[in-house]
Structure formats: structure tokens, C-alpha cells
Amino acid sequence: MSDPSNTAGGAERSLGQLVASATAEMSALVHDEIALAKAELRQDVKRGAIGGLAISTAGVFVLFSLPVLSFAAAYGIHNLGLGLAWSFLIVGGAYLLLAALLGLLAVTKFKKVKPPEKSIASAKQTASVLGSVKPHPRPVTEAAPAVARSSA
């Protein structure tokens with residue numbers, strides 16, 4: 001008996017070989033799609049994390065500035081002159097400036113976050129290819145006459 005993979009350069013393969021090959025290729029395709037989606041999402045998660053950290057830090061600086069500005073306002077009203085209150089105002093203003101800068105950084109990072117476009121396009125293309133595949137019709141063979149079986 002000859003090996004079917006050796007005839008005509010392996011052009012004729014058995015049904016089992018074809019199914020195994022198709023299964024392996026489909027599995028590789030699915031794994032590649034998942035890897036692409038993970039890579040795109042990892043990049044967007046990193047951008048989102050940096051933006052979230054920046055806005056959280058901005059919130060902390062705003063919280064730090066509130067007591068300082070409160071003390072500055074109280075000393076300013078009390079003194080109505082230049083002195084200790086101005087130093088509190090300068091420090092409070094510096095905190096607000098840092099919070100504004102970090103808020104701008106957060107907004108720019110959040111604007112760069114977008115959906116995984118390559119993965120979506122690739123999945124749609126794969127779905128359209130798989131949706132257009134038609135199975136080969138099986139040849140019609142004459143049915144063998146039914147054999148009556150007895151249970152006795």
C-alpha cells in the first residue's frame with residue numbers, strides 16, 4: 001500500500017489529514033486574533049492607567065491646596081498686608097498650577113485611548129471569509145435496501 005501523501009507531491013490527502021490541517025489552521029488563526037487584541041488592549045490600558053494616575057495625583061494636589069488656601073485666606077483677611085499669608089497663597093497657587101498641568105496631561109492621555117481597530121477589522125474579515133465558505137456537496141449514492149432486523 002502506498003502513502004497518499006507521497007502521490008503527486010502530497011496533493012491528495014486523506015479526509016483526516018484535511019480536517020486536522022483545517023483545525024490546526026483555525027486554531028492558529030484564533031490564537032493570532034487573540035494575541036493581536038491583547039497587544040492593542042495592553043497599549044490602551046497603559047495609556048488609561050497613566051491618565052488615571054495623573055488625574056488622581058491632580059485630585060490629591062487639589063486636596064492639599066484647600067487647607068493651604070483656607071489658611072492663606074484667613075491670614076490674609078486678618079493681616080490685610082503682605083506677610084505670612086502671601087507665602088500660604090503662593091504655596092496654594094503652586095499646588096493648583098500642578099493640579100492643572102496634571103489634569104491637562106490626563107485629558108491628553110485619555111483622548112489617545114481608542115478601540116482595538118486592527119483586531120475588529122481582522123475579526124470582521126475572518127468572519128466574512130468563513131461566512132462565504134460553502135461545504136462541498138457529497139456525491140449521491142444509491143441507498144442500500146433496508147435490512148429488517150428482528151429483536152428475537
# chains A, B, ... in the order shown; residues from 1 in each chain; ligands from 1
call {"tool": "residues_around", "arguments": {"residues": "segment 44-59 of chain A", "least_positions_apart": "5", "cutoff": "6 Å", "atoms": "only C-alpha atoms", "output": "list in words"}}
result
Ala99, Leu102, Gly103, Ala106, Lys109, Phe110 and Val113 of chain A
call {"tool": "write_last_selection", "arguments": {"atoms": "all heavy atoms", "output": "compact mmCIF listing (two decimals), in the first residue's frame"}}
result
# COMPACT_ATOMS: atom_id res chain seq x y z
N ALA A 99 -1.85 70.86 39.77
CA ALA A 99 -3.09 70.11 39.51
C ALA A 99 -3.60 70.39 38.10
O ALA A 99 -4.04 69.46 37.40
CB ALA A 99 -4.15 70.47 40.55
N LEU A 102 -1.33 68.49 35.58
CA LEU A 102 -1.61 67.05 35.59
C LEU A 102 -2.99 66.74 35.00
O LEU A 102 -3.18 65.71 34.35
CB LEU A 102 -1.50 66.51 37.01
CG LEU A 102 -0.06 66.40 37.54
CD1 LEU A 102 -0.06 66.03 39.01
CD2 LEU A 102 0.72 65.38 36.74
N GLY A 103 -3.94 67.64 35.21
CA GLY A 103 -5.26 67.46 34.60
C GLY A 103 -5.18 67.52 33.08
O GLY A 103 -5.81 66.73 32.38
N ALA A 106 -3.69 64.30 31.88
CA ALA A 106 -4.69 63.23 31.93
C ALA A 106 -5.64 63.31 30.75
O ALA A 106 -5.96 62.29 30.12
CB ALA A 106 -5.47 63.30 33.25
N LYS A 109 -3.94 62.06 27.60
CA LYS A 109 -3.77 60.59 27.61
C LYS A 109 -5.10 59.89 27.37
O LYS A 109 -5.16 58.89 26.66
CB LYS A 109 -3.16 60.12 28.93
CG LYS A 109 -1.72 60.51 29.13
CD LYS A 109 -0.84 59.87 28.09
CE LYS A 109 0.60 60.28 28.26
NZ LYS A 109 1.44 59.71 27.23
N PHE A 110 -6.18 60.39 27.94
CA PHE A 110 -7.49 59.77 27.76
C PHE A 110 -7.97 59.93 26.32
O PHE A 110 -8.67 59.06 25.80
CB PHE A 110 -8.52 60.35 28.73
CG PHE A 110 -8.39 59.82 30.13
CD1 PHE A 110 -8.52 60.69 31.21
CD2 PHE A 110 -8.17 58.49 30.39
CE1 PHE A 110 -8.41 60.22 32.50
CE2 PHE A 110 -8.05 58.01 31.67
CZ PHE A 110 -8.17 58.87 32.74
N VAL A 113 -6.81 57.07 23.95
CA VAL A 113 -7.36 55.73 24.13
C VAL A 113 -8.44 55.51 23.07
O VAL A 113 -9.35 56.33 22.93
CB VAL A 113 -7.94 55.55 25.55
CG1 VAL A 113 -8.62 54.21 25.69
CG2 VAL A 113 -6.85 55.69 26.58
call {"tool": "atom_distance", "arguments": {"atom1": "atom CA of Ser128 of chain A", "atom2": "atom CA of Arg42 of chain A"}}
result
26.5 Å
call {"tool": "closest_residue", "arguments": {"among": "A:Gly131, A:Pro116, A:Gly92, A:Gly16", "to": "Ser70 of chain A", "atoms": "only C-alpha atoms"}}
result
A:Gly92
call {"tool": "atom_distance", "arguments": {"atom1": "atom CA of Leu84 of chain A", "atom2": "atom CA of Val68 of chain A"}}
result
11.7 Å
call {"tool": "closest_residue", "arguments": {"among": "A:Ala22, A:Leu98, A:Leu15, A:Val30", "to": "Phe64 of chain A", "atoms": "only C-alpha atoms"}}
result
A:Leu98
call {"tool": "atom_distance", "arguments": {"atom1": "atom CA of Ala123 of chain A", "atom2": "atom CA of Gln43 of chain A"}}
result
19.0 Å
